[in-house]
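Text of structure09.txt, listed as compact mmCIF, C-alpha atoms:
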```txt
# COMPACT_ATOMS: atom_id res chain seq x y z
CA MET A 1 29.09 -4.93 51.38
CA GLU A 2 29.48 -1.61 53.17
CA ALA A 3 33.07 -0.69 54.04
CA ARG A 4 33.98 -1.10 57.70
CA GLN A 5 35.67 1.37 60.03
CA THR A 6 38.55 0.42 62.31
CA PRO A 7 38.37 1.51 65.97
CA LEU A 8 40.70 4.39 65.00
CA TYR A 9 38.57 5.91 62.26
CA GLU A 10 37.79 9.03 64.31
CA GLN A 11 41.51 9.58 64.99
CA HIS A 12 42.22 9.46 61.25
CA MET A 13 39.47 11.98 60.53
CA ARG A 14 40.82 14.33 63.23
CA LEU A 15 44.28 14.12 61.65
CA ASN A 16 42.87 14.87 58.17
CA GLY A 17 43.74 11.46 56.77
CA SER A 18 42.84 10.80 53.14
CA ILE A 19 40.48 7.83 53.51
CA VAL A 20 40.16 5.06 50.93
CA ASN A 21 38.39 1.71 50.80
CA TYR A 22 41.06 -0.95 51.22
CA SER A 23 39.91 -4.58 51.29
CA GLY A 24 36.54 -3.47 52.64
CA TRP A 25 38.02 -1.17 55.29
CA LEU A 26 38.02 2.63 55.44
CA LEU A 27 41.70 3.43 56.03
CA PRO A 28 44.00 6.44 55.51
CA VAL A 29 46.18 6.26 52.40
CA GLN A 30 48.16 9.30 53.61
CA PHE A 31 48.20 12.20 56.06
CA ALA A 32 50.98 14.74 55.38
CA GLY A 33 51.97 12.96 52.15
CA ILE A 34 53.50 9.64 51.17
CA VAL A 35 57.04 10.97 50.57
CA SER A 36 57.23 12.80 53.90
CA GLU A 37 55.76 9.79 55.75
CA VAL A 38 58.33 7.42 54.21
CA ASN A 39 61.16 9.78 55.14
CA ARG A 40 59.79 10.15 58.66
CA ALA A 41 59.67 6.35 59.08
CA ARG A 42 63.31 6.03 57.98
CA GLN A 43 64.57 8.95 60.07
CA LYS A 44 62.25 9.26 63.09
CA ALA A 45 59.04 7.24 63.56
CA VAL A 46 55.50 6.80 62.26
CA LEU A 47 52.34 5.23 63.63
CA PHE A 48 50.14 2.98 61.46
CA ASP A 49 46.63 1.70 62.07
CA VAL A 50 46.69 -1.98 61.11
CA SER A 51 43.53 -2.95 62.95
CA HIS A 52 42.12 -4.31 59.68
CA MET A 53 44.48 -7.29 59.93
CA GLY A 54 42.90 -10.55 61.06
CA GLU A 55 43.69 -12.48 64.25
CA VAL A 56 42.86 -16.13 64.90
CA THR A 57 43.68 -18.06 68.07
CA VAL A 58 44.57 -21.76 67.92
CA GLU A 59 44.44 -23.56 71.26
CA GLY A 60 44.41 -27.08 72.63
CA ALA A 61 46.65 -30.09 73.14
CA GLY A 62 46.80 -30.67 69.37
CA ALA A 63 47.49 -27.03 68.42
CA GLU A 64 51.13 -27.41 67.36
CA ALA A 65 50.60 -30.66 65.43
CA TYR A 66 47.58 -29.14 63.69
CA LEU A 67 49.50 -26.03 62.63
CA GLN A 68 52.46 -28.08 61.41
CA LYS A 69 50.26 -29.62 58.70
CA ILE A 70 48.75 -26.23 57.77
CA VAL A 71 51.87 -24.03 57.41
CA THR A 72 55.06 -24.59 55.41
CA ASN A 73 57.52 -23.42 58.07
CA ASP A 74 58.67 -25.63 60.94
CA LEU A 75 57.01 -24.69 64.23
CA SER A 76 59.25 -27.07 66.18
CA LEU A 77 61.87 -24.30 65.88
CA LEU A 78 59.58 -21.83 67.63
CA LYS A 79 60.03 -21.14 71.35
CA ASP A 80 57.55 -19.60 73.78
CA GLY A 81 57.32 -15.85 73.22
CA ALA A 82 58.64 -16.04 69.65
CA VAL A 83 57.08 -15.18 66.30
CA ILE A 84 57.59 -16.99 63.00
CA TYR A 85 56.58 -16.10 59.44
CA SER A 86 55.06 -18.75 57.21
CA PRO A 87 53.07 -19.23 54.03
CA LEU A 88 49.99 -21.49 53.93
CA CYS A 89 49.59 -23.45 50.71
CA TYR A 90 46.94 -25.18 48.65
CA PRO A 91 47.59 -28.79 47.62
CA ASP A 92 48.89 -27.55 44.23
CA GLY A 93 51.50 -25.33 45.93
CA GLY A 94 49.69 -22.03 45.39
CA THR A 95 49.52 -19.68 48.37
CA VAL A 96 46.46 -19.38 50.61
CA ASP A 97 48.10 -16.57 52.57
CA ASP A 98 51.30 -15.58 54.35
CA ILE A 99 50.94 -15.11 58.09
CA LEU A 100 52.71 -14.48 61.37
CA ILE A 101 52.46 -17.15 64.08
CA TYR A 102 52.86 -16.15 67.74
CA ARG A 103 53.61 -18.98 70.17
CA TYR A 104 52.46 -18.42 73.75
CA ASN A 105 53.23 -22.04 74.64
CA TRP A 106 52.90 -25.53 73.15
CA ASP A 107 49.09 -25.44 73.16
CA ARG A 108 48.31 -21.77 72.48
CA PHE A 109 49.09 -19.77 69.33
CA LEU A 110 47.94 -16.56 67.65
CA LEU A 111 47.83 -16.24 63.87
CA VAL A 112 47.92 -12.79 62.26
CA VAL A 113 46.55 -12.93 58.72
CA ASN A 114 46.09 -10.47 55.88
CA ALA A 115 42.95 -8.34 56.07
CA ALA A 116 41.52 -9.32 52.68
CA ASN A 117 42.04 -13.00 53.51
CA THR A 118 40.64 -13.16 57.04
CA GLU A 119 37.35 -14.91 56.26
CA LYS A 120 38.93 -17.14 53.59
CA ASP A 121 41.79 -18.13 55.93
CA TYR A 122 39.46 -18.86 58.82
CA ALA A 123 37.31 -21.09 56.62
CA TRP A 124 40.46 -22.88 55.37
CA LEU A 125 41.71 -23.38 58.92
CA MET A 126 38.35 -24.68 60.11
CA ARG A 127 38.08 -27.01 57.12
CA HIS A 128 41.34 -28.71 58.06
CA ALA A 129 40.61 -29.05 61.79
CA ARG A 130 39.49 -32.68 61.79
CA ASN A 131 36.79 -34.03 64.08
CA GLY A 132 38.37 -35.46 67.20
CA GLU A 133 41.43 -33.23 66.91
CA SER A 134 42.02 -31.47 70.24
CA VAL A 135 42.22 -27.97 68.84
CA ALA A 136 39.92 -24.94 69.08
CA LEU A 137 39.99 -21.99 66.67
CA HIS A 138 38.51 -18.54 67.29
CA ASN A 139 38.43 -15.53 64.98
CA ILE A 140 39.06 -12.60 67.34
CA SER A 141 39.63 -9.98 64.63
CA VAL A 142 36.63 -7.80 65.48
CA GLU A 143 37.55 -7.46 69.15
CA THR A 144 41.27 -6.85 68.50
CA ALA A 145 42.99 -3.63 67.44
CA GLN A 146 46.56 -3.33 66.23
CA ILE A 147 48.80 -0.31 65.75
CA ALA A 148 52.35 -0.43 64.39
CA LEU A 149 55.03 1.98 65.57
CA GLN A 150 57.89 1.97 63.07
CA GLY A 151 61.16 3.88 62.88
CA PRO A 152 64.45 4.33 64.74
CA ALA A 153 62.86 6.46 67.48
CA SER A 154 60.30 3.74 68.36
CA PRO A 155 61.98 2.41 71.55
CA ALA A 156 62.45 5.92 72.93
CA ILE A 157 58.81 6.80 72.22
CA LEU A 158 57.39 3.81 74.12
CA SER A 159 59.81 3.84 77.07
CA PRO A 160 57.94 6.54 79.09
CA LEU A 161 54.64 4.68 78.66
CA THR A 162 55.62 1.43 80.39
CA ALA A 163 57.82 -0.03 83.11
CA VAL A 164 58.74 -2.91 80.77
CA PRO A 165 62.14 -2.47 79.03
CA LEU A 166 60.79 -2.86 75.49
CA GLY A 167 64.14 -1.86 74.05
CA GLU A 168 65.39 -5.28 75.18
CA LEU A 169 62.66 -7.19 73.34
CA LYS A 170 64.36 -9.28 70.64
CA TYR A 171 63.37 -9.16 66.98
CA HIS A 172 60.59 -11.65 66.13
CA HIS A 173 59.63 -12.00 69.79
CA PHE A 174 56.68 -10.72 71.81
CA LEU A 175 55.50 -10.03 75.32
CA PRO A 176 51.92 -11.23 75.92
CA GLU A 177 51.10 -8.78 78.73
CA VAL A 178 52.49 -5.26 78.78
CA GLU A 179 50.83 -2.30 80.46
CA LEU A 180 51.26 0.56 78.02
CA ALA A 181 49.82 3.94 79.01
CA GLY A 182 47.74 2.04 81.56
CA ILE A 183 46.27 -0.28 78.90
CA LYS A 184 46.82 -4.04 78.81
CA CYS A 185 48.56 -4.86 75.52
CA MET A 186 50.53 -7.51 73.69
CA VAL A 187 53.70 -6.09 72.11
CA SER A 188 55.83 -7.68 69.40
CA ARG A 189 58.88 -6.64 67.38
CA THR A 190 58.58 -7.87 63.80
CA GLY A 191 57.99 -5.01 61.36
CA TYR A 192 56.82 -4.64 57.78
CA THR A 193 58.92 -1.62 56.82
CA GLY A 194 62.56 -2.67 57.16
CA GLU A 195 62.85 -0.43 60.24
CA ASP A 196 62.93 -1.10 63.95
CA GLY A 197 59.56 -0.91 65.63
CA TYR A 198 56.71 -2.60 67.45
CA GLU A 199 53.25 -4.03 66.86
CA ILE A 200 50.86 -3.25 69.70
CA TYR A 201 47.67 -5.29 70.16
CA CYS A 202 44.87 -4.25 72.50
CA ALA A 203 41.12 -4.49 72.93
CA ALA A 204 39.34 -2.62 70.14
CA ALA A 205 37.46 -0.47 72.66
CA GLN A 206 40.75 0.94 74.01
CA ALA A 207 42.51 1.53 70.70
CA GLY A 208 41.72 5.26 70.51
CA ILE A 209 43.12 5.94 73.98
CA LEU A 210 46.27 3.98 73.18
CA TRP A 211 46.79 5.72 69.80
CA ASP A 212 46.47 9.16 71.42
CA ALA A 213 48.87 8.22 74.22
CA VAL A 214 51.56 6.97 71.82
CA MET A 215 51.15 10.00 69.55
CA SER A 216 51.39 12.33 72.53
CA ALA A 217 54.53 10.59 73.80
CA GLY A 218 56.37 10.92 70.50
CA ARG A 219 55.00 13.78 68.47
CA GLU A 220 56.66 16.79 70.09
CA ARG A 221 59.69 15.10 71.61
CA LEU A 222 60.78 12.67 68.87
CA GLY A 223 59.04 13.71 65.65
CA LEU A 224 56.41 10.96 65.55
CA GLY A 225 53.64 11.33 62.98
CA PRO A 226 50.81 9.24 61.56
CA ALA A 227 51.30 7.33 58.31
CA GLY A 228 48.95 5.67 55.87
CA LEU A 229 48.74 2.75 53.49
CA GLY A 230 50.72 4.55 50.78
CA ALA A 231 53.85 4.92 52.90
CA ARG A 232 53.46 1.39 54.25
CA ASP A 233 53.49 -0.01 50.72
CA VAL A 234 56.55 2.00 49.69
CA LEU A 235 58.45 0.99 52.84
CA ARG A 236 57.72 -2.72 52.45
CA LEU A 237 58.69 -2.56 48.77
CA GLU A 238 62.03 -0.91 49.57
CA ALA A 239 62.59 -3.66 52.16
CA GLY A 240 61.67 -6.38 49.63
CA LEU A 241 58.73 -7.75 51.63
CA PRO A 242 55.92 -9.55 49.77
CA LEU A 243 52.30 -8.46 49.67
CA TYR A 244 49.58 -11.04 49.15
CA GLY A 245 47.89 -10.51 45.81
CA HIS A 246 51.12 -9.17 44.33
CA GLU A 247 54.08 -11.43 45.15
CA LEU A 248 51.96 -14.28 46.52
CA SER A 249 48.59 -15.66 45.41
CA ALA A 250 46.77 -18.88 44.59
CA ALA A 251 48.79 -18.87 41.35
CA LEU A 252 52.12 -17.80 42.92
CA SER A 253 53.91 -20.23 45.22
CA PRO A 254 56.34 -19.38 48.04
CA LEU A 255 59.16 -20.86 45.92
CA MET A 256 58.35 -18.52 43.03
CA ALA A 257 58.46 -15.62 45.50
CA GLY A 258 61.91 -16.64 46.75
CA LEU A 259 60.62 -17.71 50.16
CA ASP A 260 62.41 -21.08 50.15
CA ARG A 261 63.78 -20.52 53.68
CA PHE A 262 60.21 -20.50 55.01
CA VAL A 263 59.36 -23.87 53.43
CA SER A 264 60.57 -26.83 55.50
CA PHE A 265 60.53 -30.12 53.61
CA LYS A 266 62.28 -31.88 56.50
CA LYS A 267 59.77 -31.36 59.30
CA GLN A 268 58.15 -34.53 60.64
CA ILE A 269 54.54 -33.61 59.89
CA PRO A 270 53.97 -33.13 56.12
CA PHE A 271 52.26 -29.84 55.27
CA ILE A 272 49.53 -29.21 52.71
CA GLY A 273 51.15 -28.56 49.33
CA ARG A 274 54.42 -30.31 50.17
CA GLU A 275 54.47 -32.70 47.22
CA ALA A 276 53.61 -30.00 44.69
CA LEU A 277 56.34 -27.72 46.05
CA LEU A 278 58.87 -30.56 46.05
CA GLU A 279 58.15 -31.10 42.37
CA GLN A 280 58.42 -27.38 41.70
CA LYS A 281 61.76 -27.34 43.49
CA ARG A 282 62.94 -30.28 41.38
CA VAL A 283 62.03 -28.81 37.99
CA GLY A 284 62.45 -25.17 38.99
CA PRO A 285 59.74 -22.48 39.04
CA GLY A 286 58.76 -20.97 35.70
CA LYS A 287 59.33 -17.47 37.07
CA LYS A 288 61.53 -16.01 39.84
CA LEU A 289 60.99 -12.86 41.88
CA VAL A 290 63.65 -10.14 41.63
CA GLY A 291 64.08 -6.49 42.46
CA LEU A 292 64.07 -3.81 39.77
CA THR A 293 65.33 -0.24 39.66
CA VAL A 294 64.55 2.20 36.87
CA THR A 295 67.80 3.59 35.48
CA GLY A 296 66.13 6.62 33.91
CA ARG A 297 62.85 8.43 34.38
CA GLY A 298 59.45 6.83 34.75
CA VAL A 299 57.64 4.94 37.49
CA ILE A 300 56.95 1.22 37.21
CA ARG A 301 53.64 -0.17 38.41
CA GLU A 302 52.01 -3.55 38.98
CA GLY A 303 51.25 -5.42 35.77
CA TYR A 304 53.72 -3.61 33.51
CA PRO A 305 55.44 -6.07 31.12
CA VAL A 306 59.20 -6.69 31.37
CA LEU A 307 61.16 -7.26 28.16
CA ALA A 308 64.55 -8.52 27.08
CA GLY A 309 64.89 -6.90 23.69
CA ASP A 310 61.55 -7.55 21.97
CA ALA A 311 60.71 -10.66 24.03
CA GLU A 312 58.34 -10.37 26.99
CA ILE A 313 59.93 -12.28 29.88
CA GLY A 314 57.81 -11.34 32.89
CA TRP A 315 55.79 -8.71 34.69
CA VAL A 316 56.08 -6.17 37.49
CA SER A 317 54.35 -7.45 40.63
CA SER A 318 54.75 -4.20 42.62
CA GLY A 319 56.25 -0.86 41.70
CA THR A 320 56.44 2.70 43.00
CA TYR A 321 58.62 5.78 43.43
CA SER A 322 61.09 5.40 46.29
CA PRO A 323 61.86 8.55 48.32
CA THR A 324 64.72 6.69 50.03
CA PHE A 325 66.52 5.94 46.74
CA GLU A 326 65.01 8.89 44.81
CA LYS A 327 64.02 6.71 41.87
CA SER A 328 61.42 4.18 40.86
CA LEU A 329 61.82 0.60 42.02
CA GLY A 330 59.79 -2.54 42.37
CA MET A 331 59.67 -6.30 42.20
CA ALA A 332 59.01 -8.48 39.17
CA PHE A 333 58.58 -12.11 38.15
CA LEU A 334 61.04 -13.01 35.38
CA THR A 335 62.16 -16.11 33.52
CA PRO A 336 65.00 -17.68 35.57
CA GLU A 337 67.74 -17.05 32.98
CA LYS A 338 67.07 -13.27 33.16
CA ALA A 339 66.50 -13.14 36.94
CA VAL A 340 70.14 -12.27 37.56
CA ALA A 341 71.37 -9.20 39.46
CA GLY A 342 72.86 -6.65 37.11
CA GLU A 343 70.85 -7.76 34.07
CA GLU A 344 69.67 -4.77 32.01
CA LEU A 345 66.10 -5.05 30.75
CA LEU A 346 63.14 -2.90 29.70
CA VAL A 347 59.75 -2.18 31.24
CA MET A 348 56.89 -0.89 29.14
CA ILE A 349 55.45 2.22 30.80
CA ARG A 350 52.43 3.61 28.96
CA GLY A 351 53.59 2.13 25.70
CA ARG A 352 57.21 3.29 25.96
CA ALA A 353 60.21 1.13 26.86
CA HIS A 354 62.18 2.30 29.91
CA PRO A 355 65.53 0.78 30.96
CA VAL A 356 65.64 -1.10 34.27
CA LYS A 357 68.25 -3.13 36.13
CA VAL A 358 67.70 -6.37 38.02
CA GLU A 359 68.60 -6.10 41.71
CA LYS A 360 68.88 -8.47 44.64
CA ILE A 361 66.05 -8.36 47.18
CA PRO A 362 65.90 -6.45 49.49
CA LEU A 363 67.00 -3.12 48.06
CA TYR A 364 66.93 -1.42 51.50
CA ARG A 365 68.63 -2.66 54.65
CA ARG A 366 68.70 -0.50 57.76
CA VAL A 367 71.99 0.09 59.52
CA LYS A 368 71.68 -1.55 62.93
CA SER A 369 73.11 0.36 65.84
```
Can I see the file as structure tokens?
Amino acid sequence: MEARQTPLYEQHMRLNGSIVNYSGWLLPVQFAGIVSEVNRARQKAVLFDVSHMGEVTVEGAGAEAYLQKIVTNDLSLLKDGAVIYSPLCYPDGGTVDDILIYRYNWDRFLLVVNAANTEKDYAWLMRHARNGESVALHNISVETAQIALQGPASPAILSPLTAVPLGELKYHHFLPEVELAGIKCMVSRTGYTGEDGYEIYCAAAQAGILWDAVMSAGRERLGLGPAGLGARDVLRLEAGLPLYGHELSAALSPLMAGLDRFVSFKKQIPFIGREALLEQKRVGPGKKLVGLTVTGRGVIREGYPVLAGDAEIGWVSSGTYSPTFEKSLGMAFLTPEKAVAGEELLVMIRGRAHPVKVEKIPLYRRVKS
């Protein structure tokens, strides 16, 4: 299938973005360079195009009850205008996807799903919407654009573009109607970088105007710049955030990925995969997710084997060079007895053993003002 363009493709070409095919989408991997974009996100602010992400609305009198059986987290804890993170599981406990759930009210929700999983997720959701259930699902991904403004300067960049005090918006909350640079948007504050910032949703046809307005508001005054997929991956890794296909998959459960707090066994409506995950919790997962830092030279990458002496005990799920810590770091699945902070192990990098240390996740935590 031919790769698709987001509504911001022309903006990326104008800014000399290095375009790659990512999950069937033509997206920039970098602009000025991954290291400089990571540093800019930590110190000032960057703007990402995340319009490739999928969006599905769930509406109707049975919306909340329907979602409670689909997702592992407990939606009864979610208030209007709030956002919650949750895995979706197969009956055997493997992960369908990990998503964000926006609650407008008791009968209207928005699900934001991973780009590569949009069609699969929508089919899964439709499959489990039983006949007679008062719920309606709509895949609105094509008509919806999303940009993510991330970094400590984010509130100051958006403030001149709206009369709404976005600096007061709480973390994991959203405002369904915000006029931003004259464009009707939905704005949330969740983040996938470990930094402060906002996700801005608008009609696809207006995405270019909005992107240009935000860039203009921040570029000269507050050091805003564009950033690509490379920086986004480094930032989420430093912050210890999972990526589907790496830390989660059909073979990797939320419990293996250390996401126990997002799996509610006590909620009234049993979710798909509950029994399998209860059994996994009882016997313990065969592998546990940990952080790793390289104590010498070398960069760890996905798939590299992890050893304790001569014994292979796991694998690297994600790895990269971190500009923030000025060394290589990553995440890995290890046998539980070796998944202990401070443990000294080895990773095979191109046939040579390099020393690494097990770390708690996340490695990076921003200092909140």
Open item on the list: I'd like the interatomic distance between CA of Ala207 (chain A) and CA of Asn105 (chain A), to a tenth of an Å.
Closed with: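 Between these atoms lies a distance of 26.2 Å.
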Task: Distance query Leu111 (chain A) at most 6 Å, all atoms listed in the file, self and fewer than 5 positions along chain excluded, as a ChimeraX atom specification - done: /A:55-56,100-101
Write the residues of the preceding selection, restricted to C-alpha atoms, as a compact mmCIF listing (two decimals), in the coordinates of the input.
```txt
# COMPACT_ATOMS: atom_id res chain seq x y z
CA GLU A 55 43.69 -12.48 64.25
CA VAL A 56 42.86 -16.13 64.90
CA LEU A 100 52.71 -14.48 61.37
CA ILE A 101 52.46 -17.15 64.08
```
- [ ] Would you mind telling me which residue in A:Tyr9, A:Tyr66, A:Phe265, A:Phe333 lies nearest to Leu248 (chain A) when using all atoms listed in the file?
- [x] A:Phe333
When you look at Leu8 (chain A) with a cut-off of 8 Å (counting only C-alpha atoms), what residues show up, excluding the ones that are within fewer than 2 positions of it in the same chain? I need them as a CSV table (one decimal) with C-alpha atoms, in the frame of the given file.
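Written output follows (result_2.csv):
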```csv
chain,number,residue,atom,x,y,z
A,5,GLN,CA,35.7,1.4,60.0
A,6,THR,CA,38.6,0.4,62.3
A,10,GLU,CA,37.8,9.0,64.3
A,11,GLN,CA,41.5,9.6,65.0
A,12,HIS,CA,42.2,9.5,61.2
A,49,ASP,CA,46.6,1.7,62.1
A,207,ALA,CA,42.5,1.5,70.7
A,208,GLY,CA,41.7,5.3,70.5
A,211,TRP,CA,46.8,5.7,69.8
```
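The coordinates place CA of Arg14 (chain A) at 20.2 Å from CA of Arg232 (chain A).
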Task: Neighbour list for Ala153 (chain A) as a PyMOL selection string, cut-off 7 Å, only C-alpha atoms, skip fewer than 5 positions in-chain - done: chain A and resi 44-45+222
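Minimum atom-to-atom distance to Tyr198 (chain A), evaluated using all atoms listed in the file, belongs to A:Leu149 out of A:Leu149, A:Ile183, A:Val135, A:Ala341.
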List as a PDB file with C-alpha atoms, in the coordinates of the input the protein and nucleic acid residues near Tyr85 (chain A), meaning an atom at most 10 Å away when all atoms listed in the file are counted, but skip any in the same chain fewer than 4 places from it.
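Saved result, around.pdb, follows:
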```
ATOM      1  CA  VAL A  71      51.870 -24.030  57.410  1.00  0.00           C
ATOM      2  CA  THR A  72      55.060 -24.590  55.410  1.00  0.00           C
ATOM      3  CA  ASN A  73      57.520 -23.420  58.070  1.00  0.00           C
ATOM      4  CA  ASP A  74      58.670 -25.630  60.940  1.00  0.00           C
ATOM      5  CA  LEU A  75      57.010 -24.690  64.230  1.00  0.00           C
ATOM      6  CA  ASP A  98      51.300 -15.580  54.350  1.00  0.00           C
ATOM      7  CA  ILE A  99      50.940 -15.110  58.090  1.00  0.00           C
ATOM      8  CA  LEU A 100      52.710 -14.480  61.370  1.00  0.00           C
ATOM      9  CA  ILE A 101      52.460 -17.150  64.080  1.00  0.00           C
ATOM     10  CA  TYR A 102      52.860 -16.150  67.740  1.00  0.00           C
ATOM     11  CA  LEU A 111      47.830 -16.240  63.870  1.00  0.00           C
ATOM     12  CA  VAL A 112      47.920 -12.790  62.260  1.00  0.00           C
ATOM     13  CA  HIS A 172      60.590 -11.650  66.130  1.00  0.00           C
ATOM     14  CA  THR A 190      58.580  -7.870  63.800  1.00  0.00           C
ATOM     15  CA  PHE A 262      60.210 -20.500  55.010  1.00  0.00           C
TER      16      PHE A 262
END
```
Task: Residue nearest Pro152 (chain A) among A:Arg42, A:Asn139, A:Thr335, A:Glu179 (counting all atoms listed in the file) - done: A:Arg42
